[in-house]
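Q: Let me begin by handing over the structure; questions about it come next.
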Amino acid sequence: MTKRKPAKRGKTSKKKPAAPRGQPARVRLAPEIPLRQGLVEMATIGAHSIFGVATVAAGLVVIAGALFIAWSLRPVPAYSSDQVTVGSPFAVTFRVDNTNEWFPLSHLKIRCVVEGVDAGDVSSSQVPARLEPGAQASFTCPLRPADQEAAVRSELYFRSEYDAPGPGGFRLTANVGPFVLNTRLLPPRWTAKPGKD
């Protein structure tokens with residue numbers, strides 16, 4: 001009689017049966033979240049989004065407000081005229097005022113422009129280069145002489161150019177006018193045209 005050898009006991013690898021071809025493998029689905037928990041999570045995400053948008057909007061409002069305040073505090077020259085007494089109505093002394101209480105008018109250049117009569121367009125260099133806050137300076141417009149009748153039909157503008165306060169070195173411009181020769185005042189003088197500031 002032949003003896004059977006005992007079967008070796010060891011690790012046996014059991015192969016999982018392969019899924020039959022043609023059938024997709026099963027996908028494990030995540031467990032469903034309770035409705036209340038889902039609503040809370042959605043509300044949290046929405047609140048974070050709204051907070052982010054509100055923060056950006058508030059930042060833009062602050063920047064716009066700062067720019068508006070800086071622009072409204074900029075110095076702007078104001079002009080007035082002495083009385084016209086003799087000679088050409090254009091040969092009169094004008095005054096420029098720095099009405100700003102905080103900033104000077106630096107490197108101020110003024111151009112006198114007349115419309116309605118051929119009096120020329122001349123830059124005036126008789127103004128101080130710097131007008132301190134609240135300061136005033138006098139100047140004349142070296143325009144061609146004209147009689148009062150021609151001057152009454154004319155309009156006078158002052159075009160100013162000066163440095164913006166603070167760093168940056170960019171130039172600001174201000175166009176002030178029109179001024180007309182007011183013959184109702186005795187003696188006449190140049191005043192802002194009615195309805196214009």
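Chains: A, B, ... in order of the structure tokens. Residues: from 1 per chain. Ligands: from 1, in order shown.
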Give me, as a JSON list (two decimals) with all heavy atoms, in the first residue's frame, all polymer residues having an atom no more than 12 Å from Gly169 (chain A), counting only C-alpha atoms and skipping those fewer than 4 positions away in the same chain.
A:
[["chain", "number", "residue", "atom", "x", "y", "z"],
["A", 106, "SER", "N", 1.07, 125.83, -5.78],
["A", 106, "SER", "CA", 2.49, 125.82, -6.12],
["A", 106, "SER", "C", 2.68, 125.83, -7.63],
["A", 106, "SER", "O", 1.95, 125.17, -8.36],
["A", 106, "SER", "CB", 3.17, 124.57, -5.55],
["A", 106, "SER", "OG", 3.07, 124.58, -4.14],
["A", 107, "HIS", "N", 3.69, 126.60, -8.07],
["A", 107, "HIS", "CA", 4.05, 126.73, -9.49],
["A", 107, "HIS", "C", 2.82, 127.11, -10.32],
["A", 107, "HIS", "O", 2.51, 126.48, -11.33],
["A", 107, "HIS", "CB", 4.69, 125.44, -10.02],
["A", 107, "HIS", "CG", 5.95, 125.09, -9.29],
["A", 107, "HIS", "ND1", 6.02, 124.08, -8.36],
["A", 107, "HIS", "CD2", 7.20, 125.64, -9.33],
["A", 107, "HIS", "CE1", 7.25, 124.00, -7.88],
["A", 107, "HIS", "NE2", 7.99, 124.94, -8.44],
["A", 162, "TYR", "N", -1.28, 124.26, -11.92],
["A", 162, "TYR", "CA", -0.47, 124.28, -10.70],
["A", 162, "TYR", "C", -0.25, 122.85, -10.23],
["A", 162, "TYR", "O", -0.90, 121.91, -10.68],
["A", 162, "TYR", "CB", -1.15, 125.12, -9.60],
["A", 162, "TYR", "CG", -2.59, 124.75, -9.34],
["A", 162, "TYR", "CD1", -2.93, 123.90, -8.30],
["A", 162, "TYR", "CD2", -3.62, 125.27, -10.13],
["A", 162, "TYR", "CE1", -4.25, 123.57, -8.05],
["A", 162, "TYR", "CE2", -4.94, 124.92, -9.90],
["A", 162, "TYR", "CZ", -5.25, 124.07, -8.86],
["A", 162, "TYR", "OH", -6.55, 123.73, -8.63],
["A", 163, "ASP", "N", 0.71, 122.71, -9.29],
["A", 163, "ASP", "CA", 1.07, 121.38, -8.78],
["A", 163, "ASP", "C", 0.02, 120.89, -7.79],
["A", 163, "ASP", "O", -0.48, 121.65, -6.95],
["A", 163, "ASP", "CB", 2.42, 121.42, -8.07],
["A", 163, "ASP", "CG", 3.57, 121.63, -9.04],
["A", 163, "ASP", "OD1", 3.36, 121.43, -10.25],
["A", 163, "ASP", "OD2", 4.67, 121.99, -8.58],
["A", 164, "ALA", "N", -0.27, 119.60, -7.88],
["A", 164, "ALA", "CA", -1.16, 118.98, -6.89],
["A", 164, "ALA", "C", -0.39, 118.86, -5.57],
["A", 164, "ALA", "O", 0.81, 118.60, -5.57],
["A", 164, "ALA", "CB", -1.60, 117.61, -7.36],
["A", 165, "PRO", "N", -1.07, 119.05, -4.43],
["A", 165, "PRO", "CA", -0.37, 118.89, -3.15],
["A", 165, "PRO", "C", 0.02, 117.43, -2.92],
["A", 165, "PRO", "O", -0.65, 116.52, -3.39],
["A", 165, "PRO", "CB", -1.42, 119.35, -2.12],
["A", 165, "PRO", "CG", -2.73, 119.31, -2.82],
["A", 165, "PRO", "CD", -2.47, 119.44, -4.27]]
Q: Out of A:Val180, A:Ala192, A:Ala47, A:Leu185, which residue has the shortest atom-to-atom distance to Thr85 (chain A) when counting only C-alpha atoms?
A: A:Leu185
Q: For each of A:Val53, A:Ala174, A:Leu181, A:Leu143, take the minimum atom-to-atom distance to Val114 (chain A), counting only C-alpha atoms, then give the residue where this is smallest.
A: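 Among the listed residues, the smallest separation from Val114 (chain A) belongs to A:Leu143.
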Q: Taking only region 37-133 of chain A into account, list the residues labelled helix (DSSP H, G or I) by DSSP (computed from the backbone), as a PyMOL selection string.
A: chain A and resi 37-72
Q: Nearest residue to Pro75 (chain A) out of A:Glu149, A:Glu115, A:Glu155, A:Glu132, using only C-alpha atoms?
A: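 The closest residue to Pro75 (chain A) is A:Glu132.
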Q: Could you give me the residues within region 124-196 of chain A that DSSP places in strand (DSSP E), as a PyMOL selection string?
A: chain A and resi 124+130-131+136-140+155-163+171-182+189-192
Q: Deliver the residues from the most recent selection as a file, using N, CA and C atoms, as a compact mmCIF listing (two decimals), in the first residue's frame.
A:
# COMPACT_ATOMS: atom_id res chain seq x y z
N SER A 124 0.19 134.86 -18.24
CA SER A 124 0.63 135.89 -17.30
C SER A 124 1.71 135.30 -16.41
N ARG A 130 4.26 130.57 -5.77
CA ARG A 130 3.61 129.82 -4.69
C ARG A 130 2.71 130.76 -3.91
N LEU A 131 1.44 130.36 -3.78
CA LEU A 131 0.48 131.10 -2.96
C LEU A 131 0.14 130.24 -1.75
N GLN A 136 -3.21 135.92 -1.29
CA GLN A 136 -3.77 136.59 -2.47
C GLN A 136 -2.63 137.24 -3.24
N ALA A 137 -2.78 137.31 -4.56
CA ALA A 137 -1.77 137.97 -5.39
C ALA A 137 -2.49 138.75 -6.49
N SER A 138 -1.83 139.79 -6.97
CA SER A 138 -2.38 140.63 -8.04
C SER A 138 -1.63 140.34 -9.33
N PHE A 139 -2.32 140.50 -10.45
CA PHE A 139 -1.68 140.33 -11.75
C PHE A 139 -2.50 141.09 -12.79
N THR A 140 -1.90 141.32 -13.92
CA THR A 140 -2.61 141.92 -15.06
C THR A 140 -2.51 140.97 -16.24
N GLU A 155 -15.98 137.86 -23.32
CA GLU A 155 -15.95 137.05 -22.10
C GLU A 155 -14.50 136.70 -21.79
N LEU A 156 -14.16 136.76 -20.51
CA LEU A 156 -12.79 136.54 -20.07
C LEU A 156 -12.73 135.28 -19.22
N TYR A 157 -11.76 134.42 -19.53
CA TYR A 157 -11.54 133.17 -18.79
C TYR A 157 -10.12 133.16 -18.22
N PHE A 158 -9.97 132.50 -17.08
CA PHE A 158 -8.65 132.29 -16.49
C PHE A 158 -8.39 130.79 -16.45
N ARG A 159 -7.34 130.38 -17.14
CA ARG A 159 -6.96 128.97 -17.16
C ARG A 159 -5.70 128.80 -16.33
N SER A 160 -5.85 128.09 -15.24
CA SER A 160 -4.75 127.94 -14.27
C SER A 160 -4.17 126.54 -14.35
N GLU A 161 -2.88 126.48 -14.06
CA GLU A 161 -2.17 125.21 -13.98
C GLU A 161 -1.25 125.29 -12.77
N TYR A 162 -1.28 124.26 -11.92
CA TYR A 162 -0.47 124.28 -10.70
C TYR A 162 -0.25 122.85 -10.23
N ASP A 163 0.71 122.71 -9.29
CA ASP A 163 1.07 121.38 -8.78
C ASP A 163 0.02 120.89 -7.79
N ARG A 171 0.18 117.71 -12.36
CA ARG A 171 -0.36 119.07 -12.44
C ARG A 171 -1.89 119.03 -12.43
N LEU A 172 -2.47 120.03 -11.76
CA LEU A 172 -3.92 120.23 -11.78
C LEU A 172 -4.23 121.43 -12.68
N THR A 173 -5.42 121.43 -13.23
CA THR A 173 -5.87 122.57 -14.04
C THR A 173 -7.21 123.05 -13.51
N ALA A 174 -7.45 124.34 -13.67
CA ALA A 174 -8.73 124.94 -13.29
C ALA A 174 -9.08 125.99 -14.33
N ASN A 175 -10.25 125.85 -14.91
CA ASN A 175 -10.76 126.82 -15.87
C ASN A 175 -11.87 127.61 -15.20
N VAL A 176 -11.61 128.88 -14.93
CA VAL A 176 -12.56 129.71 -14.19
C VAL A 176 -13.09 130.77 -15.14
N GLY A 177 -14.40 130.92 -15.15
CA GLY A 177 -15.03 131.92 -16.00
C GLY A 177 -16.34 131.39 -16.53
N PRO A 178 -17.00 132.16 -17.36
CA PRO A 178 -16.54 133.44 -17.92
C PRO A 178 -16.81 134.62 -17.00
N PHE A 179 -15.97 135.66 -17.17
CA PHE A 179 -16.18 136.96 -16.53
C PHE A 179 -16.60 137.94 -17.62
N VAL A 180 -17.51 138.82 -17.27
CA VAL A 180 -17.98 139.85 -18.22
C VAL A 180 -17.77 141.22 -17.58
N LEU A 181 -17.67 142.24 -18.44
CA LEU A 181 -17.51 143.60 -17.95
C LEU A 181 -18.87 144.10 -17.48
N ASN A 182 -18.98 144.32 -16.18
CA ASN A 182 -20.25 144.74 -15.58
C ASN A 182 -20.29 146.26 -15.55
N ARG A 189 -16.42 146.89 -13.55
CA ARG A 189 -15.41 145.89 -13.21
C ARG A 189 -15.83 144.56 -13.84
N TRP A 190 -14.86 143.65 -13.91
CA TRP A 190 -15.14 142.32 -14.43
C TRP A 190 -15.71 141.46 -13.31
N THR A 191 -16.88 140.85 -13.56
CA THR A 191 -17.53 140.00 -12.57
C THR A 191 -17.95 138.69 -13.25
N ALA A 192 -18.20 137.68 -12.45
CA ALA A 192 -18.64 136.39 -13.00
C ALA A 192 -19.95 136.58 -13.74
Q: Using only C-alpha atoms, which protein or nucleic acid residues come within 9 Å of Pro133 (chain A)? Drop anything in the same chain fewer than 6 positions from it, and give the result as a ChimeraX atom specification.
A: /A:75,97-105
Q: State, in Å with one decimal place, the distance from CA of Val127 (chain A) to CA of Ala78 (chain A).
A: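 Here the two named atoms are 13.4 Å from each other.
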Q: With only C-alpha atoms as the counted atoms, please give the residues lying no more than 7 Å from Pro89 (chain A), apart from itself and same-chain residues fewer than 3 positions off, as a list in words.
A: Val84, Val92, Ala146, Asp147, Gln148 and Ala151 of chain A
Q: One decimal, in Å: what's the spacing between CA of Val113 (chain A) and CA of Cys141 (chain A)?
A: 9.0 Å
Q: Between CA of Phe68 (chain A) and CA of Lys109 (chain A), what is the spacing in Å?
A: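 Separation of CA of Lys109 (chain A) and CA of Phe68 (chain A): 25.1 Å.
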